[in-house]
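S.K.: Just passing along the structure, written as structure tokens.
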Amino acid sequence: MKQSHSFATGLIKAFCEAGTGLLVLDNPQRKNAVTAAMWRAIPDAIHWLHVDAGARVIVLAGGGHADFSAGADISEFTELRKDAATARVYEASNSRAFAAIREAPVPVIAAVRGICYGGGFGLAAAADLRLASSDAVFAVPAARLGLAYPADAIQDFVRGLGSQLARRALFTGAAIKASELLASGFLSDVTGPEDLDQRAQVLADTIAANAPLSLRASKLALRAVEQGDDDLLREAEIIGASTFESADYREGRNAFAERRRPVFSGR
């Protein structure tokens, strides 16, 4: 059964079916620019998808089939980011949104088409896997606006782009084509625009069919290695060890012996 929920007065939409979740930045009239309300809603949407709807994987996409996101809605900056005090409040909501994707208990796939700028680029960088259409273009124009990009989110650019390309993106603000980001390893696949949704769906469904505890342990271990976090590594080890006593491990063994597809319960 397909479940759905909306947030930020409909500008964030969430759907889940058969363990595959979809989070849509649905503001196509403004190239899916992310409003302050949308930034605040992203953690709630991730929580709803995983906890309430039971998503085992989440696809992050832009609404309207033209652009992923033009980044933060600059039209709000005059009031909501007008000085250091208001900027701190605004950037705290940015950081919570990036962290919600980065730290989601399930894998997050960014499916990017068209424009992917600024905070939109940051959301994609926080994801675990990234696919893009051949017409996708990426940029971090903060320096051209006289702003500094949130420091805690730069880790995602370094992790995904590598040190040199992250520096180039942040220092120049220049656009980068999908083909270059595929070659750099930031993207795992580039498709024709008409194939992106299907390719993301196939990847998400493949992940959703696997054992949830195994996925969680793997994601935690990957984060621990990337961040050099010993506490996180110990947590991943504990979850990994628990898989050997899980119902899903028994189901996996039985399915292999019986030559059938396993049906995992997450227990």
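Residues are named by chain letter and number: chains run A, B, ... in the order of the structure tokens, numbers start at 1 in each chain, and ligands are numbered from 1 in the order shown.
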Pick out each residue of stretch 107-200 of chain A that DSSP on the backbone tags as strand (DSSP E); I need them as a list in words.
M.R.: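 Taking stretch 107-200 of chain A and keeping strand (DSSP E) gives Val108, Ile109, Ala110, Ala111, Val112, Ile115, Cys116, Tyr117, Leu129, Arg130, Leu131, Ala132, Ser133, Val137, Phe138, Ala139, Ile176, Lys177, Asp189, Val190 and Thr191 of chain A.
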S.K.: Listing only residues of stretch 177-259 of chain A within 12 Å of stretch 92-110 of chain A, what is the closest atom pair and its distance in Å (to one decimal) for each, using only C-alpha atoms, sorted by chain and residue number ascending, as JSON lines?
M.R.:
{"residue": "A:Phe186", "atom": "CA", "partner": "A:Ala110", "partner_atom": "CA", "distance": 11.2}
{"residue": "A:Leu187", "atom": "CA", "partner": "A:Ala110", "partner_atom": "CA", "distance": 9.5}
{"residue": "A:Ser188", "atom": "CA", "partner": "A:Ile109", "partner_atom": "CA", "distance": 10.2}
{"residue": "A:Asp189", "atom": "CA", "partner": "A:Ala110", "partner_atom": "CA", "distance": 11.1}
{"residue": "A:Val190", "atom": "CA", "partner": "A:Ala110", "partner_atom": "CA", "distance": 12.0}
{"residue": "A:Leu196", "atom": "CA", "partner": "A:Ala110", "partner_atom": "CA", "distance": 10.7}
{"residue": "A:Asp197", "atom": "CA", "partner": "A:Ala110", "partner_atom": "CA", "distance": 10.7}
{"residue": "A:Arg199", "atom": "CA", "partner": "A:Ile109", "partner_atom": "CA", "distance": 11.0}
{"residue": "A:Ala200", "atom": "CA", "partner": "A:Ile109", "partner_atom": "CA", "distance": 7.6}
{"residue": "A:Gln201", "atom": "CA", "partner": "A:Ile109", "partner_atom": "CA", "distance": 9.7}
{"residue": "A:Val202", "atom": "CA", "partner": "A:Ile109", "partner_atom": "CA", "distance": 11.4}
{"residue": "A:Leu203", "atom": "CA", "partner": "A:Ile109", "partner_atom": "CA", "distance": 8.6}
{"residue": "A:Ala204", "atom": "CA", "partner": "A:Ile109", "partner_atom": "CA", "distance": 7.5}
{"residue": "A:Asp205", "atom": "CA", "partner": "A:Ile109", "partner_atom": "CA", "distance": 11.3}
{"residue": "A:Thr206", "atom": "CA", "partner": "A:Pro107", "partner_atom": "CA", "distance": 11.6}
{"residue": "A:Ile207", "atom": "CA", "partner": "A:Pro107", "partner_atom": "CA", "distance": 8.1}
{"residue": "A:Ala208", "atom": "CA", "partner": "A:Pro107", "partner_atom": "CA", "distance": 9.2}
{"residue": "A:Asn210", "atom": "CA", "partner": "A:Val106", "partner_atom": "CA", "distance": 11.3}
{"residue": "A:Ala211", "atom": "CA", "partner": "A:Val106", "partner_atom": "CA", "distance": 10.9}
{"residue": "A:Pro212", "atom": "CA", "partner": "A:Val106", "partner_atom": "CA", "distance": 7.8}
{"residue": "A:Leu213", "atom": "CA", "partner": "A:Val106", "partner_atom": "CA", "distance": 9.4}
{"residue": "A:Ser214", "atom": "CA", "partner": "A:Val106", "partner_atom": "CA", "distance": 10.2}
{"residue": "A:Leu215", "atom": "CA", "partner": "A:Val106", "partner_atom": "CA", "distance": 6.8}
{"residue": "A:Arg216", "atom": "CA", "partner": "A:Pro105", "partner_atom": "CA", "distance": 5.7}
{"residue": "A:Ala217", "atom": "CA", "partner": "A:Pro105", "partner_atom": "CA", "distance": 9.0}
{"residue": "A:Ser218", "atom": "CA", "partner": "A:Pro107", "partner_atom": "CA", "distance": 9.5}
{"residue": "A:Lys219", "atom": "CA", "partner": "A:Pro107", "partner_atom": "CA", "distance": 7.0}
{"residue": "A:Leu220", "atom": "CA", "partner": "A:Pro105", "partner_atom": "CA", "distance": 8.0}
{"residue": "A:Ala221", "atom": "CA", "partner": "A:Pro105", "partner_atom": "CA", "distance": 11.6}
{"residue": "A:Leu222", "atom": "CA", "partner": "A:Glu103", "partner_atom": "CA", "distance": 11.0}
{"residue": "A:Arg223", "atom": "CA", "partner": "A:Glu103", "partner_atom": "CA", "distance": 8.3}
{"residue": "A:Ala224", "atom": "CA", "partner": "A:Glu103", "partner_atom": "CA", "distance": 11.0}
{"residue": "A:Glu226", "atom": "CA", "partner": "A:Arg102", "partner_atom": "CA", "distance": 11.7}
{"residue": "A:Gln227", "atom": "CA", "partner": "A:Arg102", "partner_atom": "CA", "distance": 11.6}
{"residue": "A:Leu232", "atom": "CA", "partner": "A:Glu103", "partner_atom": "CA", "distance": 11.0}
{"residue": "A:Ala236", "atom": "CA", "partner": "A:Pro105", "partner_atom": "CA", "distance": 11.3}
{"residue": "A:Ile239", "atom": "CA", "partner": "A:Pro105", "partner_atom": "CA", "distance": 11.7}
S.K.: Any chance you could export the current selection's N, CA, C and O atoms as a short mmCIF file (atom, residue, chain, number, x, y, z; two decimals), in the first residue's frame?
M.R.:
data_model
loop_
_atom_site.label_atom_id
_atom_site.label_comp_id
_atom_site.auth_asym_id
_atom_site.auth_seq_id
_atom_site.Cartn_x
_atom_site.Cartn_y
_atom_site.Cartn_z
N PHE A 186 31.83 11.34 -7.73
CA PHE A 186 30.75 11.93 -6.96
C PHE A 186 29.42 11.30 -7.35
O PHE A 186 28.54 11.08 -6.50
N LEU A 187 29.25 11.03 -8.64
CA LEU A 187 28.05 10.36 -9.14
C LEU A 187 28.37 8.90 -9.43
O LEU A 187 29.44 8.57 -9.93
N SER A 188 27.40 8.04 -9.13
CA SER A 188 27.60 6.62 -9.44
C SER A 188 27.08 6.27 -10.83
O SER A 188 27.44 5.23 -11.38
N ASP A 189 26.23 7.14 -11.41
CA ASP A 189 25.68 6.85 -12.72
C ASP A 189 25.14 8.13 -13.33
O ASP A 189 24.65 9.02 -12.62
N VAL A 190 25.23 8.26 -14.64
CA VAL A 190 24.61 9.35 -15.39
C VAL A 190 23.77 8.71 -16.49
O VAL A 190 24.23 7.83 -17.22
N LEU A 196 16.17 8.64 -15.83
CA LEU A 196 16.65 8.85 -14.46
C LEU A 196 15.72 8.25 -13.42
O LEU A 196 16.17 7.54 -12.50
N ASP A 197 14.43 8.53 -13.52
CA ASP A 197 13.50 8.04 -12.50
C ASP A 197 13.49 6.52 -12.42
O ASP A 197 13.51 5.94 -11.33
N ARG A 199 15.89 4.45 -13.38
CA ARG A 199 17.18 3.96 -12.87
C ARG A 199 17.25 4.11 -11.35
O ARG A 199 17.72 3.20 -10.65
N ALA A 200 16.76 5.24 -10.83
CA ALA A 200 16.75 5.45 -9.38
C ALA A 200 15.80 4.46 -8.71
O ALA A 200 16.11 3.92 -7.62
N GLN A 201 14.66 4.20 -9.34
CA GLN A 201 13.68 3.26 -8.77
C GLN A 201 14.25 1.85 -8.70
O GLN A 201 14.10 1.16 -7.68
N VAL A 202 14.92 1.42 -9.76
CA VAL A 202 15.51 0.07 -9.78
C VAL A 202 16.57 -0.06 -8.68
O VAL A 202 16.61 -1.05 -7.95
N LEU A 203 17.43 0.96 -8.55
CA LEU A 203 18.46 0.93 -7.52
C LEU A 203 17.83 0.90 -6.13
O LEU A 203 18.23 0.12 -5.26
N ALA A 204 16.82 1.76 -5.92
CA ALA A 204 16.16 1.81 -4.61
C ALA A 204 15.47 0.49 -4.28
O ALA A 204 15.57 -0.01 -3.15
N ASP A 205 14.78 -0.09 -5.26
CA ASP A 205 14.08 -1.36 -5.01
C ASP A 205 15.07 -2.48 -4.71
O ASP A 205 14.78 -3.37 -3.88
N THR A 206 16.22 -2.46 -5.38
CA THR A 206 17.25 -3.48 -5.11
C THR A 206 17.74 -3.37 -3.66
O THR A 206 17.90 -4.38 -2.97
N ILE A 207 17.96 -2.13 -3.21
CA ILE A 207 18.42 -1.92 -1.83
C ILE A 207 17.32 -2.30 -0.84
O ILE A 207 17.58 -2.97 0.18
N ALA A 208 16.07 -1.92 -1.13
CA ALA A 208 14.96 -2.17 -0.21
C ALA A 208 14.71 -3.66 -0.02
O ALA A 208 14.17 -4.07 1.02
N ASN A 210 16.96 -5.88 0.43
CA ASN A 210 17.99 -6.45 1.29
C ASN A 210 17.64 -6.29 2.77
O ASN A 210 16.69 -5.58 3.13
N ALA A 211 18.41 -6.94 3.62
CA ALA A 211 18.11 -6.97 5.06
C ALA A 211 18.36 -5.61 5.70
O ALA A 211 19.48 -5.09 5.64
N PRO A 212 17.35 -5.01 6.35
CA PRO A 212 17.50 -3.68 6.94
C PRO A 212 18.62 -3.57 7.97
O PRO A 212 19.32 -2.56 8.00
N LEU A 213 18.79 -4.57 8.83
CA LEU A 213 19.86 -4.50 9.83
C LEU A 213 21.23 -4.49 9.17
O LEU A 213 22.14 -3.79 9.61
N SER A 214 21.37 -5.25 8.10
CA SER A 214 22.65 -5.28 7.38
C SER A 214 22.93 -3.91 6.77
O SER A 214 24.06 -3.41 6.82
N LEU A 215 21.91 -3.29 6.19
CA LEU A 215 22.07 -1.98 5.59
C LEU A 215 22.44 -0.94 6.64
O LEU A 215 23.32 -0.09 6.42
N ARG A 216 21.78 -1.00 7.79
CA ARG A 216 22.06 -0.04 8.85
C ARG A 216 23.49 -0.18 9.35
O ARG A 216 24.20 0.81 9.57
N ALA A 217 23.92 -1.44 9.56
CA ALA A 217 25.29 -1.68 10.04
C ALA A 217 26.31 -1.18 9.03
O ALA A 217 27.32 -0.55 9.39
N SER A 218 26.05 -1.41 7.75
CA SER A 218 26.98 -0.97 6.71
C SER A 218 27.05 0.55 6.64
O SER A 218 28.14 1.13 6.53
N LYS A 219 25.89 1.22 6.72
CA LYS A 219 25.89 2.68 6.64
C LYS A 219 26.63 3.28 7.83
O LYS A 219 27.41 4.22 7.68
N LEU A 220 26.41 2.74 9.02
CA LEU A 220 27.11 3.24 10.20
C LEU A 220 28.61 3.04 10.09
O LEU A 220 29.40 3.92 10.43
N ALA A 221 29.01 1.87 9.61
CA ALA A 221 30.44 1.58 9.49
C ALA A 221 31.09 2.50 8.46
O ALA A 221 32.21 2.99 8.67
N LEU A 222 30.41 2.76 7.36
CA LEU A 222 30.94 3.67 6.35
C LEU A 222 31.10 5.08 6.92
O LEU A 222 32.13 5.73 6.72
N ARG A 223 30.09 5.56 7.65
CA ARG A 223 30.19 6.88 8.27
C ARG A 223 31.33 6.94 9.27
O ARG A 223 32.06 7.93 9.36
N ALA A 224 31.48 5.86 10.05
CA ALA A 224 32.53 5.83 11.07
C ALA A 224 33.91 5.93 10.43
O ALA A 224 34.78 6.67 10.92
N GLU A 226 34.65 7.17 7.39
CA GLU A 226 34.81 8.47 6.74
C GLU A 226 35.07 9.59 7.74
O GLU A 226 35.85 10.50 7.48
N GLN A 227 34.44 9.50 8.91
CA GLN A 227 34.55 10.56 9.90
C GLN A 227 35.61 10.28 10.96
O GLN A 227 35.88 11.13 11.81
N LEU A 232 31.13 5.71 16.77
CA LEU A 232 30.24 5.26 15.72
C LEU A 232 30.65 3.89 15.21
O LEU A 232 29.80 3.04 14.89
N ALA A 236 28.41 0.50 15.09
CA ALA A 236 28.26 -0.32 13.88
C ALA A 236 28.63 -1.78 14.16
O ALA A 236 27.98 -2.70 13.66
N ILE A 239 25.71 -3.46 16.05
CA ILE A 239 24.60 -3.79 15.15
C ILE A 239 24.99 -4.92 14.20
O ILE A 239 24.21 -5.83 13.94
#
S.K.: Excluding stretch 33-41 of chain A and its own-chain neighbours fewer than 2 positions away, which residues fall within 7 Å of it when counting only C-alpha atoms? Please give them as a list in words.
M.R.: Phe7, Ala8, Leu11, Ile12, Asn27, Arg30, Lys31, Pro43, Asp44, Ala45, Ser69, Ala70, Gly71, Ala72, Asp73, Ser93, Asn94 and Ala97 of chain A
S.K.: Please measure the separation of atom CA of A:Ala55 and atom CA of A:Gly118, giving the value in Å to one decimal.
M.R.: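 So the answer is 27.3 Å.
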S.K.: DSSP on the backbone: which residues in stretch 27-249 of chain A end up as alpha helix (DSSP H)? Give the answer as a VMD selection string.
M.R.: chain A and resid 36 to 47 77 to 80 84 to 102 118 to 126 154 to 161 163 to 172 178 to 184 196 to 208 212 to 227 230 to 242 247 to 249
S.K.: Set the distance at 12 Å and use only C-alpha atoms: which residues neighbour A:Leu60 once local chain neighbours fewer than 3 positions away are removed? I'd like the list as a ChimeraX atom specification.
M.R.: /A:12-15,20-26,42,45-46,49,57,63,68-69,101,107-113,120-121,123-132,197,200-201,204
S.K.: Within 8 Å of A:Leu161, counting only C-alpha atoms, which residues show up once you throw out same-chain ones fewer than 3 positions away? Write them as a list in words, please.
M.R.: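 In the requested format, the answer is Phe157, Val158, Gln164, Leu165, Ala166, Leu181, Ser184, Gly185 and Phe186 of chain A.
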S.K.: One decimal, Å: what's the distance from atom CA of A:Val263 over to atom CA of A:Arg56, could you say?
M.R.: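 Atom CA of A:Arg56 lies 13.1 Å from atom CA of A:Val263.
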S.K.: Rounded to one decimal in Å, what is the spacing between atom CA of A:Ile176 and atom CA of A:His65?
M.R.: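 Atom-to-atom, atom CA of A:Ile176 to atom CA of A:His65, that is 20.1 Å.
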S.K.: With only C-alpha atoms as the atoms that count, which of A:Ala53, A:Ala209, A:Ala178, A:Val225 lies nearest to A:Arg261?
M.R.: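 Of A:Ala53, A:Ala209, A:Ala178, A:Val225, the one nearest A:Arg261, counting only C-alpha atoms, is A:Ala209.
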S.K.: In terms of the shortest atom-to-atom distance over only C-alpha atoms, which of A:Pro141, A:Gly192, A:Trp48, A:Ser4 is closest to A:Arg168?
M.R.: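 Going through A:Pro141, A:Gly192, A:Trp48, A:Ser4 one by one, the smallest distance to A:Arg168 is for A:Pro141.
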